[in-house]
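Okay, structure first, notes after.
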Amino acid sequence: MSFHLTPLSDPEPGASSRRLAWLASDDDGVPLGSAFLRLFTKEGQEHLAELNLAVHGAERRRGIGTRLLEAAVGAARAERRRSLIAQAVQGSPADLFLAARGFRQVLALTYARLPLADLDPAALDALVELPHPGYRLTAWEGTVPEELALSFAHSRRAMDDMPMEGTDFGTVVWDVDRVVAAAEAVARRGELLHTVAAVDEAAGRVVGFSELVVGGDGLGDGQHYGTAVLPEHRGRGLARWMKAASIRHARQRHPGLAGLCTDTAQSNAPMLAVNDALGYVPTHKALEYQLDL
């Protein structure tokens with residue numbers, strides 16, 4: 001059975017990227033596989049592209065994945081991208097596929113989940129209410145309040161030294177427009193963004209944050225988008241404090257929520273320790289691969 005590729009493009013580019021796509025189908029038009037290429041467009045990441053490739057299990061080993069990969073790599077080169085990244089669950093067919101086609105492993109991630117039914121509410125309250133002299137917590141849903149927008153945008157540099165091991169990820173440059181656009185993108189998907197922030201009381205500025213996204217129906221699992229503290233404010237337990245407050249809010253605001261999921265670089269020992277202390281249970285490992293173009 002033969003197959004052919006149909007190139008597609010995303011009609012609505014995002015605030016920080018745009019996408020190209022290819023659909024592999026047989027002579028009858030039945031889909032066999034797909035590839036999505038995300039081209040980052042913001043300052044600091046114009047060199048980077050991200051690949052998401054999938055082939056139906058029954059159609060593997062027919063060259064479909066290879067053809068899709070060739071199309072995506074060709075487009076990334078044409079767009080003058082320096083690096084192409086892709087992620088795969090450790091030991092999966094995608095893991096073996098990428099490793100055999102010139103991609104090199106640059107980052108290992110641990111995925112973990114917190115089952116909310118197993119939480120001890122009293123222990124969680126104790127963590128949230130533990131005093132942290134000189135700091136206070138604040139929180140909001142959706143877009144950051146105007147009075148905190150500038151310092152919240154500045155606090156995003158807390159992610160700049162997040163362990164990325166060998167990944168050519170670049171530096172994400174955040175400003176108020178970008179944090180607002182990111183929140184609006186979540187809302188357009190029909191999801192709910194909740195942010196907990198640590199504020200330096202003396203300066204009145206945000207120095208750390210923890211973001212959580214929950215489906216619009218409040219069911220299933222929520223997803224942590226990021227927890228980070230500015231370097232000069234680390235070592236004070238702020239990450240655990242914020243994440244505990246985020247967990248408590250999720251449990252109270254969304255009683256039908258089953259769990260919370262997070263992913264952390266295996267080299268990020270401090271955050272792995274925070275997750276462990278809060279009761280997150282590792283579920284699987286994933287590998288970030290990179291093809292140098």
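Here's how to read the names in the structure tokens: chain A, B, ... by the order shown, residue numbers from 1 in each chain, ligand numbers from 1 in the order shown.
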Note to self: Show me, as a list of chain:residue names, the residues that have an atom within 12 Å of Leu32 (chain A) when counting only C-alpha atoms, minus same-chain residues fewer than 6 positions from it.
What the structure shows: A:Met1, A:Ser2, A:Phe3, A:His4, A:Leu5, A:Thr6, A:Trp22, A:Leu23, A:Ala24, A:Ser25, A:Asp26, A:Leu53, A:Ala54, A:Val55, A:His56, A:Gly57, A:Ala58, A:Glu59, A:Arg60, A:Arg61, A:Arg62, A:Gly63, A:Ile64, A:Gly65, A:Arg67, A:Leu68
Notebook entry, point to check: Near Val128 (chain A), within 8 Å and counting only C-alpha atoms, which residues show up once chain neighbours fewer than 6 positions away are dropped, as a ChimeraX atom specification?
Noted result: /A:241-242,244-245
Write out as a tab-separated table a residue-level contact list of region 12-62 of chain A versus region 73-87 of chain A with cut-off 6 Å: for each qualifying residue the closest pair of atoms and the distance in Å to one decimal, counting only C-alpha atoms, rows sorted by chain and residue number upward.
residue	atom	partner	partner_atom	distance
A:His47	CA	A:Arg81	CA	4.6
A:Leu48	CA	A:Ser83	CA	5.2
A:Ala49	CA	A:Leu84	CA	4.8
A:Glu50	CA	A:Ile85	CA	4.8
A:Leu51	CA	A:Ala86	CA	5.0
Next item on the list: List every residue of region 68-114 of chain A that DSSP, applied to the backbone, labels as strand (DSSP E or B), and write the result as a PyMOL selection string.
Entry: chain A and resi 83-89+104-114
Next item on the list: Fewer than 5 positions away in the same chain doesn't count, so skip those; otherwise give me all residues within 9 Å of region 153-159 of chain A, counting only C-alpha atoms, as a VMD selection string.
Entry: chain A and resid 148 172 to 179 205 to 209 226 to 231
Please produce a file of those selected residues containing C-alpha atoms, as a PDB file, in the first residue's frame.
ATOM      1  CA  LEU A 148       1.834  43.024  39.618  1.00  0.00           C
ATOM      2  CA  VAL A 172      12.991  33.125  26.632  1.00  0.00           C
ATOM      3  CA  VAL A 173      12.648  36.898  26.894  1.00  0.00           C
ATOM      4  CA  TRP A 174       9.567  37.790  28.936  1.00  0.00           C
ATOM      5  CA  ASP A 175       7.753  41.119  29.082  1.00  0.00           C
ATOM      6  CA  VAL A 176       4.256  42.131  30.172  1.00  0.00           C
ATOM      7  CA  ASP A 177       2.815  41.544  26.709  1.00  0.00           C
ATOM      8  CA  ARG A 178       4.172  38.004  26.668  1.00  0.00           C
ATOM      9  CA  VAL A 179       2.830  36.996  30.097  1.00  0.00           C
ATOM     10  CA  ARG A 205       7.736  42.741  43.990  1.00  0.00           C
ATOM     11  CA  VAL A 206       7.031  39.219  42.781  1.00  0.00           C
ATOM     12  CA  VAL A 207      10.105  37.038  43.367  1.00  0.00           C
ATOM     13  CA  GLY A 208       8.687  33.602  42.559  1.00  0.00           C
ATOM     14  CA  PHE A 209       5.654  31.918  41.041  1.00  0.00           C
ATOM     15  CA  GLY A 226       6.276  26.013  36.128  1.00  0.00           C
ATOM     16  CA  THR A 227       7.507  26.802  39.620  1.00  0.00           C
ATOM     17  CA  ALA A 228      10.533  29.049  40.036  1.00  0.00           C
ATOM     18  CA  VAL A 229      12.176  31.477  42.467  1.00  0.00           C
ATOM     19  CA  LEU A 230      14.623  34.253  41.621  1.00  0.00           C
ATOM     20  CA  PRO A 231      18.198  33.195  42.511  1.00  0.00           C
TER      21      PRO A 231
END
Next item on the list: Rank A:Gln45, A:Thr171, A:Ser17, A:Thr264 by their smallest atom-to-atom distance to Ala286 (chain A), using only C-alpha atoms, and report the top residue only.
Entry: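 The shortest atom-to-atom distance to Ala286 (chain A) comes from A:Thr264.
The spacing separating CA of Val144 (chain A) from CA of Val180 (chain A) amounts to 7.1 Å.
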Note to self: What does the structure give for the distance between CA of Asn52 (chain A) and CA of Pro115 (chain A), in Å to one decimal?
What the structure shows: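 It comes out at 28.2 Å.
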Note to self: List as a list in words the protein and nucleic acid residues near Gly216 (chain A), meaning an atom at most 9 Å away when only C-alpha atoms are counted, but skip any in the same chain fewer than 2 places from it.
What the structure shows: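 Result of the neighbour search: Ala187, Arg189, Gly190, Glu191, Leu192, Val214, Gly218 and Leu219 of chain A.
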Check: Counting only C-alpha atoms, what is within 10 Å of His254 (chain A), bar same-chain residues fewer than 3 positions away, as a count of residues only?
Finding: 12
Notebook entry, point to check: Of the candidates A:Thr66, A:Pro255, A:Ala185, A:Gln290, which shows the shortest atom-to-atom distance to Ala117 (chain A), using only C-alpha atoms?
Noted result: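 So, comparing all the options, the nearest one is A:Pro255.
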Next item on the list: Rank nothing, just name the residue among A:Ala21, A:Ala239, A:Gly204, A:Ala149 nearest to Pro270 (chain A), using only C-alpha atoms.
Entry: A:Ala239
Notebook entry, point to check: Quick one: residues within 9 Å of Thr143 (chain A), only C-alpha atoms counted, chain neighbours fewer than 2 positions away excluded, as a list in words?
Noted result: Trp140, Glu141, Pro145, Glu146, Ala149, Val179, Val180, Ala181, Ala182, Ala183, Glu184, Leu193 and His194 of chain A
Check: Could you write out, as a VMD selection string, all the residues of region 103-270 of chain A that DSSP marks as helix (DSSP H, G or I)?
Finding: chain A and resid 116 to 118 121 to 129 146 to 159 176 to 188 231 to 233 238 to 253 269 to 270
Margin query: Restricting the calculation to only C-alpha atoms: of A:Arg113, A:Thr138, A:Ala71, A:Ala94, which residue gets closest to Asn275 (chain A)?
Written below: A:Arg113
Notebook entry, point to check: What does the distance from CA of Gln252 (chain A) to CA of Asp125 (chain A) come to in Å, to one decimal?
Noted result: 11.8 Å
